[in-house]
Structures are given as C-alpha cells and as structure tokens.
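Content type mmCIF, C-alpha atoms, from the file upload-v5.cif:
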```
data_input
#
loop_
_atom_site.label_atom_id
_atom_site.label_comp_id
_atom_site.auth_asym_id
_atom_site.auth_seq_id
_atom_site.Cartn_x
_atom_site.Cartn_y
_atom_site.Cartn_z
CA MET A 1 75.51 130.33 93.78
CA ARG A 2 77.34 131.73 96.78
CA ILE A 3 78.11 129.70 99.89
CA SER A 4 74.87 130.94 101.49
CA GLY A 5 72.94 129.55 98.50
CA LEU A 6 74.74 126.24 98.87
CA ALA A 7 73.71 126.20 102.53
CA ALA A 8 70.11 126.99 101.62
CA ALA A 9 70.01 124.32 98.90
CA THR A 10 71.28 121.56 101.18
CA GLY A 11 70.31 122.59 104.70
CA VAL A 12 73.96 122.36 105.75
CA PRO A 13 75.15 125.35 107.83
CA VAL A 14 77.74 127.68 106.25
CA ALA A 15 80.20 126.96 109.09
CA THR A 16 79.96 123.23 108.36
CA ILE A 17 80.46 123.82 104.62
CA LYS A 18 83.58 125.87 105.39
CA TYR A 19 84.83 123.04 107.57
CA TYR A 20 84.36 120.53 104.74
CA LEU A 21 86.17 122.92 102.37
CA ARG A 22 89.10 123.21 104.80
CA GLU A 23 89.20 119.44 105.21
CA GLY A 24 89.24 118.98 101.45
CA LEU A 25 86.03 116.92 101.33
CA LEU A 26 84.36 119.55 99.18
CA PRO A 27 86.30 121.02 96.24
CA PRO A 28 86.73 124.81 96.34
CA GLY A 29 84.22 126.97 94.45
CA GLU A 30 85.22 129.12 91.53
CA ALA A 31 86.71 132.36 92.83
CA SER A 32 84.54 135.29 91.77
CA SER A 33 86.48 137.88 93.82
CA ALA A 34 89.22 137.92 96.44
CA THR A 35 86.75 136.84 99.13
CA GLN A 36 83.90 135.21 97.21
CA ALA A 37 83.46 131.93 95.39
CA THR A 38 80.59 130.44 93.46
CA TYR A 39 79.32 126.90 93.75
CA ASP A 40 77.37 124.71 91.34
CA ALA A 41 75.18 121.62 91.20
CA ASP A 42 78.22 119.36 91.64
CA HIS A 43 78.87 121.00 95.01
CA VAL A 44 75.25 120.45 96.03
CA ALA A 45 75.49 116.77 95.09
CA ARG A 46 78.83 116.31 96.85
CA LEU A 47 77.55 118.01 99.97
CA ARG A 48 74.47 115.75 100.09
CA LEU A 49 76.76 112.76 99.74
CA ILE A 50 79.02 113.92 102.59
CA ARG A 51 75.99 114.40 104.83
CA ALA A 52 74.64 110.94 104.01
CA LEU A 53 78.00 109.41 104.89
CA VAL A 54 78.33 111.38 108.13
CA ASP A 55 74.77 111.51 109.43
CA VAL A 56 73.33 108.23 108.23
CA ALA A 57 76.30 105.92 107.78
CA GLY A 58 77.99 107.45 110.84
CA LEU A 59 81.42 107.73 109.24
CA SER A 60 84.18 109.93 110.66
CA ILE A 61 85.53 112.78 108.55
CA ALA A 62 88.67 110.73 107.87
CA ALA A 63 86.55 107.78 106.73
CA VAL A 64 84.43 110.04 104.52
CA ARG A 65 87.61 111.32 102.87
CA ASP A 66 88.72 107.77 102.08
CA VAL A 67 85.30 106.69 100.84
CA LEU A 68 85.09 109.73 98.56
CA ALA A 69 88.57 108.90 97.26
CA ALA A 70 87.44 105.31 96.61
CA LEU A 71 84.75 106.70 94.28
CA GLY A 72 87.57 107.74 91.96
CA ALA A 73 89.26 104.32 91.88
CA ASP A 74 89.63 102.79 88.43
CA ASP A 75 88.88 99.29 89.71
CA VAL A 76 85.58 98.31 91.33
CA PHE A 77 87.09 95.76 93.68
CA ASP A 78 89.84 98.09 94.74
CA ALA A 79 87.14 100.67 95.55
CA LEU A 80 85.12 98.06 97.44
CA GLY A 81 88.13 96.98 99.49
CA ARG A 82 89.08 100.55 100.34
CA THR A 83 85.51 101.27 101.39
CA GLN A 84 85.19 98.15 103.54
CA GLU A 85 88.39 99.14 105.35
CA GLN A 86 86.72 102.38 106.50
CA LEU A 87 83.59 100.82 107.93
CA PRO A 88 82.91 100.16 111.61
CA PRO A 89 83.99 98.44 113.72
CA ARG A 90 87.40 100.00 113.03
CA VAL A 91 89.98 97.28 113.52
CA GLY A 92 93.75 97.06 113.55
CA GLU A 93 95.83 94.78 111.34
CA ASP A 94 96.80 92.53 114.26
CA VAL A 95 93.39 90.93 114.91
CA ASP A 96 93.43 87.12 115.21
CA THR A 97 91.10 86.03 112.40
CA THR A 98 91.57 82.26 112.76
CA ALA A 99 88.11 81.50 114.17
CA ALA A 100 86.38 83.98 111.85
CA LEU A 101 88.14 82.44 108.84
CA ASP A 102 86.99 78.96 109.91
CA LEU A 103 83.47 80.29 110.05
CA VAL A 104 83.72 81.82 106.59
CA HIS A 105 84.95 78.48 105.26
CA THR A 106 82.03 76.73 107.00
CA LEU A 107 79.72 79.00 105.02
CA GLY A 108 81.50 77.86 101.86
CA TRP A 109 83.03 81.27 101.22
CA SER A 110 86.62 82.36 100.86
CA THR A 111 88.43 85.56 101.77
CA ALA A 112 91.98 86.71 102.43
CA PRO A 113 93.08 86.08 106.05
CA GLY A 114 93.69 89.78 106.58
CA SER A 115 90.71 91.24 104.69
CA ALA A 116 88.92 94.12 106.43
CA PRO A 117 85.49 92.45 106.76
CA LEU A 118 87.10 89.31 108.17
CA ARG A 119 88.85 91.36 110.84
CA GLN A 120 85.57 93.24 111.49
CA LEU A 121 83.77 89.90 111.86
CA ALA A 122 86.44 88.61 114.24
CA VAL A 123 86.16 91.70 116.44
CA ALA A 124 82.35 91.56 116.45
CA LEU A 125 82.30 87.84 117.37
CA ASP A 126 84.87 88.37 120.12
CA ALA A 127 82.95 91.32 121.58
CA ALA A 128 79.73 89.29 121.78
CA ALA A 129 81.53 86.31 123.33
CA ALA A 130 83.26 88.57 125.89
CA VAL A 131 79.88 89.49 127.37
CA ASP A 132 78.46 85.95 127.31
CA MET A 133 76.50 86.61 124.13
CA ALA A 134 78.48 84.30 121.83
CA ILE A 135 76.51 83.78 118.65
CA THR A 136 75.87 80.09 117.95
CA PRO A 137 76.93 78.23 114.78
CA GLN A 138 73.23 77.75 113.95
CA GLN A 139 72.62 81.49 114.23
CA LEU A 140 75.70 82.25 112.15
CA GLU A 141 74.49 79.96 109.40
CA ILE A 142 71.20 81.86 109.23
CA TYR A 143 72.97 85.22 109.39
CA GLY A 144 75.34 84.07 106.66
CA ARG A 145 72.52 82.90 104.42
CA ALA A 146 70.64 86.17 104.88
CA ALA A 147 73.80 88.20 104.20
CA TYR A 148 74.42 86.17 101.07
CA GLU A 149 70.90 86.76 99.73
CA VAL A 150 71.32 90.47 100.26
CA ALA A 151 74.75 90.45 98.63
CA GLU A 152 73.44 88.56 95.59
CA CYS A 153 70.78 91.22 95.20
CA ASP A 154 73.37 93.98 95.62
CA VAL A 155 75.81 92.53 93.10
CA ALA A 156 73.01 91.88 90.60
CA GLY A 157 72.34 95.62 90.72
CA VAL A 158 75.90 96.69 89.82
CA PRO A 159 75.58 98.81 86.67
CA THR A 160 77.67 97.69 83.71
CA THR A 161 77.53 101.04 81.94
CA SER A 162 80.99 102.14 83.05
CA VAL A 163 83.61 101.46 85.70
CA ALA A 164 82.79 104.83 87.26
CA ASP A 165 79.10 103.88 87.58
CA ALA A 166 79.93 100.43 88.95
CA THR A 167 82.39 101.89 91.45
CA ARG A 168 79.91 104.47 92.69
CA TYR A 169 77.24 101.80 93.14
CA ALA A 170 79.61 99.42 94.93
CA VAL A 171 80.93 102.09 97.29
CA LEU A 172 77.65 103.82 98.11
CA GLY A 173 75.58 100.64 98.14
CA THR A 174 77.99 99.16 100.65
CA VAL A 175 77.81 102.16 102.94
CA LEU A 176 74.26 103.48 102.53
CA TYR A 177 72.27 100.26 102.38
CA GLU A 178 73.70 98.96 105.67
CA PRO A 179 71.46 101.28 107.74
CA VAL A 180 68.47 100.12 105.65
CA LEU A 181 69.19 96.48 106.46
CA LEU A 182 69.65 97.23 110.16
CA ALA A 183 66.45 99.28 110.41
CA LEU A 184 64.55 96.43 108.73
CA ARG A 185 66.02 93.92 111.21
CA ARG A 186 64.85 96.12 114.10
CA LEU A 187 61.36 96.39 112.59
CA ALA A 188 61.32 92.63 112.02
CA HIS A 189 62.19 92.15 115.70
CA GLN A 190 59.01 94.03 116.57
CA GLN A 191 57.02 91.99 114.08
CA VAL A 192 58.33 88.55 115.01
CA SER A 193 58.14 89.30 118.74
CA ALA A 194 54.51 90.41 118.43
CA GLN A 195 53.71 87.19 116.58
CA ARG A 196 55.48 85.01 119.09
CA PHE A 197 54.55 86.74 122.31
CA GLY A 198 51.22 88.34 121.41
CA ALA A 199 50.04 91.77 120.33
CA PRO A 200 51.30 94.76 122.29
CA ARG A 201 49.22 95.81 125.28
CA PRO A 202 49.02 99.48 126.29
CA PRO A 203 51.77 100.46 128.75
CA ALA A 204 49.26 100.97 131.61
CA HIS A 205 48.36 97.30 131.47
CA ARG A 206 51.88 96.05 131.12
CA SER A 207 52.91 93.37 133.58
CA ARG A 208 55.35 94.54 136.22
CA SER A 209 56.06 91.04 137.47
CA ARG A 210 59.66 89.93 137.20
CA ARG A 211 58.40 86.35 137.07
CA THR A 212 56.66 86.76 133.72
CA PRO A 213 59.09 85.02 131.35
CA VAL A 214 58.43 87.36 128.45
CA SER A 215 56.16 90.39 128.20
CA PRO A 216 54.30 91.78 125.21
CA PRO A 217 55.88 94.11 122.65
CA ALA A 218 56.23 97.83 123.20
CA SER A 219 56.28 98.58 119.50
CA SER A 220 53.87 101.43 120.14
CA ARG A 221 56.18 103.11 122.64
CA MET B 1 91.27 94.41 143.05
CA ARG B 2 92.37 98.03 142.75
CA ILE B 3 91.69 100.16 139.70
CA SER B 4 95.08 99.16 138.24
CA GLY B 5 94.02 95.52 138.51
CA LEU B 6 90.74 96.32 136.78
CA ALA B 7 92.72 97.97 133.99
CA ALA B 8 95.02 94.95 133.72
CA ALA B 9 92.10 92.50 133.66
CA THR B 10 90.26 94.32 130.87
CA GLY B 11 92.93 96.17 128.90
CA VAL B 12 91.05 99.44 129.49
CA PRO B 13 93.35 102.32 130.58
CA VAL B 14 92.92 103.65 134.13
CA ALA B 15 92.07 107.12 132.81
CA THR B 16 89.23 105.65 130.72
CA ILE B 17 87.92 103.68 133.70
CA LYS B 18 87.91 106.89 135.77
CA TYR B 19 85.97 108.59 133.00
CA TYR B 20 83.33 105.83 132.99
CA LEU B 21 83.11 106.09 136.79
CA ARG B 22 82.57 109.87 136.56
CA GLU B 23 79.96 109.37 133.84
CA GLY B 24 78.15 106.81 135.99
CA LEU B 25 78.48 103.99 133.45
CA LEU B 26 80.50 101.94 135.91
CA PRO B 27 79.30 101.75 139.53
CA PRO B 28 81.83 102.95 142.13
CA GLY B 29 84.07 100.37 143.78
CA GLU B 30 83.90 99.64 147.49
CA ALA B 31 85.90 102.29 149.35
CA SER B 32 88.86 100.69 151.12
CA SER B 33 90.38 104.00 152.25
CA ALA B 34 89.86 107.72 151.65
CA THR B 35 91.55 107.48 148.23
CA GLN B 36 91.26 103.80 147.30
CA ALA B 37 88.45 101.56 146.15
CA THR B 38 88.29 97.88 145.31
CA TYR B 39 86.56 96.37 142.30
CA ASP B 40 85.21 92.90 141.65
CA ALA B 41 84.17 90.54 138.85
CA ASP B 42 80.97 92.53 138.24
CA HIS B 43 83.09 95.57 137.42
CA VAL B 44 85.17 93.53 135.00
CA ALA B 45 82.02 92.26 133.27
CA ARG B 46 80.44 95.72 133.13
CA LEU B 47 83.62 97.23 131.74
CA ARG B 48 83.81 94.59 128.98
CA LEU B 49 80.21 95.36 128.12
CA ILE B 50 80.86 99.11 127.92
CA ARG B 51 83.81 98.52 125.63
CA ALA B 52 81.78 96.25 123.35
CA LEU B 53 79.08 98.91 123.08
CA VAL B 54 81.57 101.72 122.42
CA ASP B 55 84.23 100.04 120.29
CA VAL B 56 82.24 97.50 118.33
CA ALA B 57 78.69 98.83 118.24
CA GLY B 58 80.00 102.41 117.95
CA LEU B 59 77.59 103.88 120.51
CA SER B 60 78.14 107.26 122.12
CA ILE B 61 78.60 107.48 125.89
CA ALA B 62 75.04 108.83 126.20
CA ALA B 63 73.69 105.91 124.15
CA VAL B 64 75.68 103.41 126.23
CA ARG B 65 74.14 104.89 129.37
CA ASP B 66 70.62 104.39 127.98
CA VAL B 67 71.34 100.88 126.72
CA LEU B 68 72.77 99.90 130.11
CA ALA B 69 69.66 101.36 131.76
CA ALA B 70 67.47 99.34 129.38
CA LEU B 71 69.11 96.16 130.74
CA GLY B 72 67.33 96.88 134.00
CA ALA B 73 63.87 97.28 132.45
CA ASP B 74 61.20 94.96 133.81
CA ASP B 75 59.62 94.48 130.39
CA VAL B 76 61.46 92.97 127.43
CA PHE B 77 59.68 95.06 124.82
CA ASP B 78 60.19 98.25 126.75
CA ALA B 79 63.90 97.39 126.89
CA LEU B 80 63.92 96.62 123.16
CA GLY B 81 62.22 99.91 122.30
CA ARG B 82 64.56 101.94 124.47
CA THR B 83 67.54 100.21 122.88
CA GLN B 84 66.32 100.72 119.32
CA GLU B 85 65.91 104.43 120.06
CA GLN B 86 69.65 104.70 120.80
CA LEU B 87 70.88 103.06 117.62
CA PRO B 88 72.23 104.84 114.58
CA PRO B 89 71.20 106.64 112.50
CA ARG B 90 70.09 108.98 115.30
CA VAL B 91 66.85 110.56 114.21
CA GLY B 92 64.53 113.24 115.51
CA GLU B 93 60.83 112.80 116.24
CA ASP B 94 59.79 114.92 113.25
CA VAL B 95 60.83 112.56 110.46
CA ASP B 96 58.20 111.94 107.78
CA THR B 97 57.66 108.18 107.95
CA THR B 98 54.81 107.94 105.43
CA ALA B 99 56.80 106.22 102.67
CA ALA B 100 58.67 103.99 105.11
CA LEU B 101 55.40 102.93 106.72
CA ASP B 102 53.96 102.05 103.30
CA LEU B 103 57.00 99.90 102.70
CA VAL B 104 56.61 98.13 106.03
CA HIS B 105 52.98 97.40 105.17
CA THR B 106 54.08 96.07 101.77
CA LEU B 107 56.27 93.59 103.63
CA GLY B 108 53.20 92.54 105.59
CA TRP B 109 54.53 93.95 108.85
CA SER B 110 53.11 96.53 111.20
CA THR B 111 54.71 99.14 113.44
CA ALA B 112 53.78 102.37 115.17
CA PRO B 113 54.08 105.42 112.84
CA GLY B 114 56.61 107.01 115.19
CA SER B 115 58.63 103.95 116.19
CA ALA B 116 62.39 104.43 116.26
CA PRO B 117 63.30 101.82 113.61
CA LEU B 118 60.67 103.22 111.27
CA ARG B 119 62.19 106.69 111.60
CA GLN B 120 65.65 105.18 111.13
CA LEU B 121 64.45 103.40 107.99
CA ALA B 122 62.89 106.62 106.65
CA VAL B 123 66.15 108.54 107.17
CA ALA B 124 68.24 105.77 105.59
CA LEU B 125 65.96 105.53 102.52
CA ASP B 126 65.94 109.31 102.10
CA ALA B 127 69.73 109.53 102.36
CA ALA B 128 70.20 106.91 99.65
CA ALA B 129 67.62 108.58 97.39
CA ALA B 130 69.25 112.00 97.90
CA VAL B 131 72.44 110.76 96.23
CA ASP B 132 70.68 108.92 93.37
CA MET B 133 71.04 105.55 95.08
CA ALA B 134 67.35 104.95 95.82
CA ILE B 135 66.87 101.33 96.76
CA THR B 136 64.30 99.60 94.52
CA PRO B 137 61.12 97.87 95.75
CA GLN B 138 62.57 94.56 94.54
CA GLN B 139 65.74 95.11 96.58
CA LEU B 140 63.70 96.11 99.62
CA GLU B 141 61.68 92.94 99.40
CA ILE B 142 64.86 90.87 99.47
CA TYR B 143 66.33 92.99 102.27
CA GLY B 144 63.10 92.64 104.21
CA ARG B 145 62.99 88.88 103.77
CA ALA B 146 66.61 88.54 104.89
CA ALA B 147 65.98 90.80 107.91
CA TYR B 148 62.94 88.73 108.82
CA GLU B 149 64.87 85.45 108.69
CA VAL B 150 67.52 86.92 110.97
CA ALA B 151 64.88 88.31 113.34
CA GLU B 152 63.10 84.94 113.53
CA CYS B 153 66.37 83.33 114.49
CA ASP B 154 67.03 86.09 117.04
CA VAL B 155 63.62 85.86 118.68
CA ALA B 156 63.78 82.05 118.75
CA GLY B 157 66.91 82.47 120.87
CA VAL B 158 65.29 84.67 123.54
CA PRO B 159 65.78 82.82 126.85
CA THR B 160 62.61 82.12 128.83
CA THR B 161 64.42 81.58 132.13
CA SER B 162 63.63 85.06 133.47
CA VAL B 163 62.67 88.52 132.34
CA ALA B 164 66.17 89.70 133.25
CA ASP B 165 67.74 87.06 130.99
CA ALA B 166 65.31 87.81 128.16
CA THR B 167 65.91 91.55 128.47
CA ARG B 168 69.68 91.14 128.42
CA TYR B 169 69.47 88.95 125.32
CA ALA B 170 67.09 91.32 123.52
CA VAL B 171 69.17 94.40 124.28
CA LEU B 172 72.63 92.96 123.63
CA GLY B 173 71.54 90.80 120.71
CA THR B 174 70.08 93.88 119.04
CA VAL B 175 73.23 95.90 119.48
CA LEU B 176 76.07 93.38 119.25
CA TYR B 177 74.84 91.14 116.43
CA GLU B 178 74.36 94.06 114.02
CA PRO B 179 78.12 94.32 113.36
CA VAL B 180 78.19 90.54 112.77
CA LEU B 181 75.47 90.79 110.12
CA LEU B 182 77.19 93.73 108.41
CA ALA B 183 80.61 92.04 108.37
CA LEU B 184 78.99 88.95 106.83
CA ARG B 185 77.31 91.09 104.15
CA ARG B 186 80.69 92.63 103.28
CA LEU B 187 82.30 89.20 103.08
CA ALA B 188 79.40 87.97 100.95
CA HIS B 189 79.99 90.91 98.60
CA GLN B 190 83.52 89.61 98.05
CA GLN B 191 82.22 86.08 97.54
CA VAL B 192 79.37 86.90 95.17
CA SER B 193 81.47 89.39 93.21
CA ALA B 194 84.23 86.83 92.73
CA GLN B 195 81.67 84.31 91.46
CA ARG B 196 80.08 86.79 89.11
CA PHE B 197 83.11 88.63 87.86
CA GLY B 198 85.83 86.00 88.19
CA ALA B 199 88.51 85.13 90.70
CA PRO B 200 90.71 87.96 91.98
CA ARG B 201 93.88 88.68 90.06
CA PRO B 202 97.00 89.92 91.87
CA PRO B 203 97.13 93.74 92.10
CA ALA B 204 100.12 93.93 89.72
CA HIS B 205 97.98 92.48 86.93
CA ARG B 206 94.93 94.55 87.69
CA SER B 207 93.47 96.36 84.71
CA ARG B 208 93.95 100.11 84.74
CA SER B 209 91.57 100.68 81.84
CA ARG B 210 88.59 102.88 82.58
CA ARG B 211 86.74 101.11 79.78
CA THR B 212 86.63 97.72 81.50
CA PRO B 213 83.05 97.55 82.75
CA VAL B 214 83.87 95.59 85.89
CA SER B 215 87.23 94.42 87.21
CA PRO B 216 88.11 91.44 89.39
CA PRO B 217 87.87 91.45 93.18
CA ALA B 218 90.55 92.88 95.41
CA SER B 219 89.62 90.62 98.30
CA SER B 220 93.31 89.97 98.89
CA ARG B 221 94.11 93.60 99.61
#
```
Structure re-expressed in structure tokens:
Amino acid sequence: MRISGLAAATGVPVATIKYYLREGLLPPGEASSATQATYDADHVARLRLIRALVDVAGLSIAAVRDVLAALGADDVFDALGRTQEQLPPRVGEDVDTTAALDLVHTLGWSTAPGSAPLRQLAVALDAAAAVDMAITPQQLEIYGRAAYEVAECDVAGVPTTSVADATRYAVLGTVLYEPVLLALRRLAHQQVSAQRFGAPRPPAHRSRSRRTPVSPPASSR
Amino acid sequence: MRISGLAAATGVPVATIKYYLREGLLPPGEASSATQATYDADHVARLRLIRALVDVAGLSIAAVRDVLAALGADDVFDALGRTQEQLPPRVGEDVDTTAALDLVHTLGWSTAPGSAPLRQLAVALDAAAAVDMAITPQQLEIYGRAAYEVAECDVAGVPTTSVADATRYAVLGTVLYEPVLLALRRLAHQQVSAQRFGAPRPPAHRSRSRRTPVSPPASSR
C-alpha cells in the first residue's frame, strides 16, 4: 500500500507518518519509484505500536525509539532494564536512593542502588513529601504488596516460546499495562469512596457546606 | 523574598517562575515597587506543588491548572472527578466504553458509563489489544484486586478534619501516589523475575544466544 493507505489503515495522519519515518521510528517502505514507496502489514503493526506508546503510555519520541530498540535486545532482562529507564518520572543518575533502598529492603526485595525504578521511586517519594503528602510506611507496605501481586501475574505470563517473544512481552507489558493498573485504581477510588461515604447524590443536591467533613461521590459527573 | 529568592528556595529557574506567573498557576507576589514583587512561604509551597505535578506526575500545564483548581472545590468527589479527567491517557468523550464497563461489572464495581477512568481504561485496553498484547480476564482480576487494595488504603487515609483537607488529600494522593505504585511494580518485576529465572549474572557473562528462552535479570544495569 502507499502512504495514504497506511494512514487509512491506522488512522494516523500522513504528516505524522512522515515524521516517524524521518525520526527512524518507522522503517522506510520499499521504493516503487523515485517518489513513491509501498508499505506492508509490518508497517501497520509498527505504527499501531508507536501510537500506543505515544498516546496511551505517554512516551516521548526519544523514549519510543529506545523502547522499540529494546524489543530487539537478545536478553529479556537487558530489554526490561532499558525499558524501565525510559519510563516516567524521568530521573537523573544523581538521585539519592538511600531512603528508597531502605524501603525496598523493608519489603524484602533487592535491587541495585542505581537501578532506574529505584531512582523513580526515590523521586516520587520525595515529590510527595515535599508537598506534605509523604506516604506512610503502612501505605507503602500495602502498595508494595499490591505491586508484587501484579508483578507475579505479569511474570507468570512471560512466554517461553522464544527470547524474542519473551522480550516483546516484558517490554510492552511493562509499558502498556501501567495505564490499565492506574485506570483501575481510579475506578476503585470511586467504588471504595461510594461504599465508605455513601452512594452519589445528584449534583443539584450536593452539599455546599465547607463544614461537611466528606461529601458523596461524583462518580456520575 | 524577591523572585530570585523564590528561585533559590525551590531550585526552579526565574524564567520558569515567570512563565508560571504568566500562566496563572502561581499567584502574583505583592508589588513592592513598579517592577518588583515579594513572595512568601505560600508561593514556595505552591511552586513545589507545581513542580511535583509537572516533573513527577508528568502533567501538562493545562492539566496542572485544572488540578490546582480542583484543590479549591467544595466537594471531595467533585474534586476527585475533575482530577481524574486530567490524568493520562487523555481521552475524548466519544470512546466506546462497553467492554470496559462489562469488565468493571465483572469486578463487582460500578461507575458511570462516561466516567473519565472508565474511558481511560477502555483506551488502555484497546491499545494493548491493538498490538497483540490483550490483557486476559485472569490478569484483569488480579490487577483489579490489587487496585482495590490500594484504593481501600488510600480512602482510609482521607482526613476528616475538613473538606479542604480531604480534597487536598484526594487530589494529590490520586496524582502523586501513581508514580509510587508504578515504580514499585517495576521493582517487583525485577524481584519476581530474579526469583523465577535465577539471580542476575554480571553483564560480561550474559548469554548472547537467541535460543535461550529467558535470560537472567539485568537489575544491576
């Protein structure tokens, strides 16, 4: 198919496809004349993947490039590490991870002092604490347990058919299932709040008093 | 303090502070002359909050503006809904949420068909499925259970001192604890993988064979 067909098949505008071609995210099509190229099903699949990484995972173009490169790694854990390095919050190498490492040890886990997710955890904990929202040790234990249950489920799903399959699953499962987990947490907030504080009332009846400690859910907003 | 003092106290460059002032994220200082203004501890706190929302939660300036506005809501659930609407993945109103709503019902939860987290879930599930990484019902049950445990812990922590306190906790806990949960999941991936596939070997000894089904962790990268 021509570039217009690729656009039609994926819903991605031609200008955006050309941008991805220039940036090297999408391999060039097969030249059919001096000014035309043809594209195939692999281009459609790659383009869908780029859009998932940009639109849903929220990665920058530079991060997408690195994540796509990680798909070609010949070692699953190398691919996983390279992918984790590209995920938000983006952190430098010089983050103090002492407190975060203590926490990881409290959970009974181990990690390298400079690993990307440890630095990401340190930055996230510091940011919450800086606005008087420090997460408590009790909360962290529950968060850690929940994260572990999810990770066990993820790792159990790693295909053993080939390194390429395992790498793809590790990389894309890391990136694309994060938004699923977060959306479920937000939905669970609605659910748990409604149970604790009562069913939502229509907005017209909503209390306007600042003295009401907690008001009913607006899940129907 | 002057704007230079505000910059020194927070590590945010003067040019960035001026940008936040222009965008209305930071309230103006008190004018001390035609060209000078003074700033106080509230400005320091607000600036730290903006940076947490931008740098760690990854919100756009427009999303930060809405989240800051939600802090002033006089209803906790209104604030929560407005905050959830600003979170990634950003989704339109026209997303088909039928399958996502079925899933939510399977978990025993309820939500409005057009609620923001339901649309976010629908988009995240579709993106994974579009690249042959559809998440299974079994995985979703585990993800849902983990999200629920985290949400129970979150809601249990809502302060009952005042609506303002509860709103601040709901808004900032939603936004700022998400990166904590994700960093813990990434660390748990390292931990569970190491347990399942063996302790990490140094990179120099790492297998280069494409035939090895799964290779050891690179958590020390």
Q: Convert the output of the PyMOL selection byres ((chain A and resi 183) around 12) on the shown file into explicit residues, formatted as a count of residues only.
A: 44
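Between Ala156 (chain A) and the residues B:Arg196, B:Arg2, B:Arg65, B:Arg168, the shortest atom-to-atom distance, using all atoms listed in the file, involves B:Arg196.
CA of Cys153 (chain B) to CA of Val192 (chain A) spans 9.6 Å [interatomic distance, one decimal].
Computed from the coordinates, the CA of Gly5 (chain A) to CA of Ala99 (chain B) distance equals 28.7 Å.
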(Q) Report, in Å to a single decimal, how far apart CA of Gly92 (chain A) and CA of Ile142 (chain A) are. (A)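 Separation between CA of Ile142 (chain A) and CA of Gly92 (chain A): 27.5 Å.
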Q. Which residues match the PyMOL selection byres ((chain A and resi 71) around 8) in the file above, as a count of residues only?
A. 11
Q: Would you translate the PyMOL selection byres ((chain B and resi 64) around 10) into the concrete set of residues it matches in this file, as a ChimeraX atom specification?
A: /B:25,49-54,57-63,65-70,83,86-87
**Q.** B:Val158, B:Ala45, B:Ala194, B:Ala170 ranked by distance to Leu26 (chain B), top pick (using all atoms listed in the file)
**A.** B:Ala45
**Q.** Which residue of A:Ala7, A:Leu101, A:Met1, A:Val76 approaches chain B most closely, using only C-alpha atoms
**A.**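 For chain B, the nearest of the given residues is A:Val76.
Using all atoms listed in the file, the residues found no farther than 12 Å from region 31-35 of chain A, other than those of its own chain fewer than 3 positions away, are Met1, Arg2, Ile3, Pro27, Pro28, Thr38 and Tyr39 of chain A.
Using all atoms listed in the file, the smallest distance between any of B:Thr136, B:Thr98, B:Thr111, B:Gln195 and chain A comes from B:Thr111.
Closest approach to chain B from the set A:Asp126, A:Asp74, A:Glu93, A:Glu141 is made by A:Asp74, with distances taken over only C-alpha atoms.
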Q) So which one's closest to chain B, A:Thr16, A:Thr160, A:Gln36, A:Thr10? Using all atoms listed in the file, please. A) A:Thr160
Just add N, CA and C atoms to region 99-116 of chain B and send it as a PDB file, in the frame of the given file.
```pdb
ATOM      1  N   ALA B  99      56.340 107.169 103.686  1.00  0.00           N
ATOM      2  CA  ALA B  99      56.800 106.220 102.670  1.00  0.00           C
ATOM      3  C   ALA B  99      57.365 104.958 103.321  1.00  0.00           C
ATOM      4  N   ALA B 100      58.087 105.153 104.428  1.00  0.00           N
ATOM      5  CA  ALA B 100      58.670 103.990 105.110  1.00  0.00           C
ATOM      6  C   ALA B 100      57.572 103.092 105.674  1.00  0.00           C
ATOM      7  N   LEU B 101      56.507 103.716 106.161  1.00  0.00           N
ATOM      8  CA  LEU B 101      55.400 102.930 106.720  1.00  0.00           C
ATOM      9  C   LEU B 101      54.683 102.141 105.614  1.00  0.00           C
ATOM     10  N   ASP B 102      54.535 102.774 104.442  1.00  0.00           N
ATOM     11  CA  ASP B 102      53.960 102.050 103.300  1.00  0.00           C
ATOM     12  C   ASP B 102      54.792 100.816 102.990  1.00  0.00           C
ATOM     13  N   LEU B 103      56.091 101.008 103.005  1.00  0.00           N
ATOM     14  CA  LEU B 103      57.000  99.900 102.700  1.00  0.00           C
ATOM     15  C   LEU B 103      56.836  98.771 103.711  1.00  0.00           C
ATOM     16  N   VAL B 104      56.766  99.129 104.975  1.00  0.00           N
ATOM     17  CA  VAL B 104      56.610  98.130 106.030  1.00  0.00           C
ATOM     18  C   VAL B 104      55.311  97.354 105.824  1.00  0.00           C
ATOM     19  N   HIS B 105      54.259  98.071 105.436  1.00  0.00           N
ATOM     20  CA  HIS B 105      52.980  97.400 105.170  1.00  0.00           C
ATOM     21  C   HIS B 105      53.094  96.477 103.960  1.00  0.00           C
ATOM     22  N   THR B 106      53.852  96.910 102.942  1.00  0.00           N
ATOM     23  CA  THR B 106      54.080  96.070 101.770  1.00  0.00           C
ATOM     24  C   THR B 106      54.732  94.745 102.162  1.00  0.00           C
ATOM     25  N   LEU B 107      55.601  94.817 103.158  1.00  0.00           N
ATOM     26  CA  LEU B 107      56.270  93.590 103.630  1.00  0.00           C
ATOM     27  C   LEU B 107      55.327  92.734 104.479  1.00  0.00           C
ATOM     28  N   GLY B 108      54.150  93.287 104.778  1.00  0.00           N
ATOM     29  CA  GLY B 108      53.200  92.540 105.590  1.00  0.00           C
ATOM     30  C   GLY B 108      53.438  92.705 107.085  1.00  0.00           C
ATOM     31  N   TRP B 109      54.235  93.712 107.444  1.00  0.00           N
ATOM     32  CA  TRP B 109      54.530  93.950 108.850  1.00  0.00           C
ATOM     33  C   TRP B 109      53.718  95.144 109.342  1.00  0.00           C
ATOM     34  N   SER B 110      53.711  95.327 110.649  1.00  0.00           N
ATOM     35  CA  SER B 110      53.110  96.530 111.200  1.00  0.00           C
ATOM     36  C   SER B 110      54.064  97.138 112.222  1.00  0.00           C
ATOM     37  N   THR B 111      53.913  98.429 112.438  1.00  0.00           N
ATOM     38  CA  THR B 111      54.710  99.140 113.440  1.00  0.00           C
ATOM     39  C   THR B 111      53.994 100.441 113.750  1.00  0.00           C
ATOM     40  N   ALA B 112      54.351 101.063 114.856  1.00  0.00           N
ATOM     41  CA  ALA B 112      53.780 102.370 115.170  1.00  0.00           C
ATOM     42  C   ALA B 112      54.382 103.417 114.245  1.00  0.00           C
ATOM     43  N   PRO B 113      53.580 104.417 113.798  1.00  0.00           N
ATOM     44  CA  PRO B 113      54.080 105.420 112.840  1.00  0.00           C
ATOM     45  C   PRO B 113      55.306 106.177 113.352  1.00  0.00           C
ATOM     46  N   GLY B 114      55.467 106.272 114.660  1.00  0.00           N
ATOM     47  CA  GLY B 114      56.610 107.010 115.190  1.00  0.00           C
ATOM     48  C   GLY B 114      57.679 106.141 115.803  1.00  0.00           C
ATOM     49  N   SER B 115      57.646 104.831 115.540  1.00  0.00           N
ATOM     50  CA  SER B 115      58.630 103.950 116.190  1.00  0.00           C
ATOM     51  C   SER B 115      60.043 104.279 115.713  1.00  0.00           C
ATOM     52  N   ALA B 116      61.006 104.066 116.578  1.00  0.00           N
ATOM     53  CA  ALA B 116      62.390 104.430 116.260  1.00  0.00           C
ATOM     54  C   ALA B 116      62.900 103.751 114.989  1.00  0.00           C
TER      55      ALA B 116
END
```
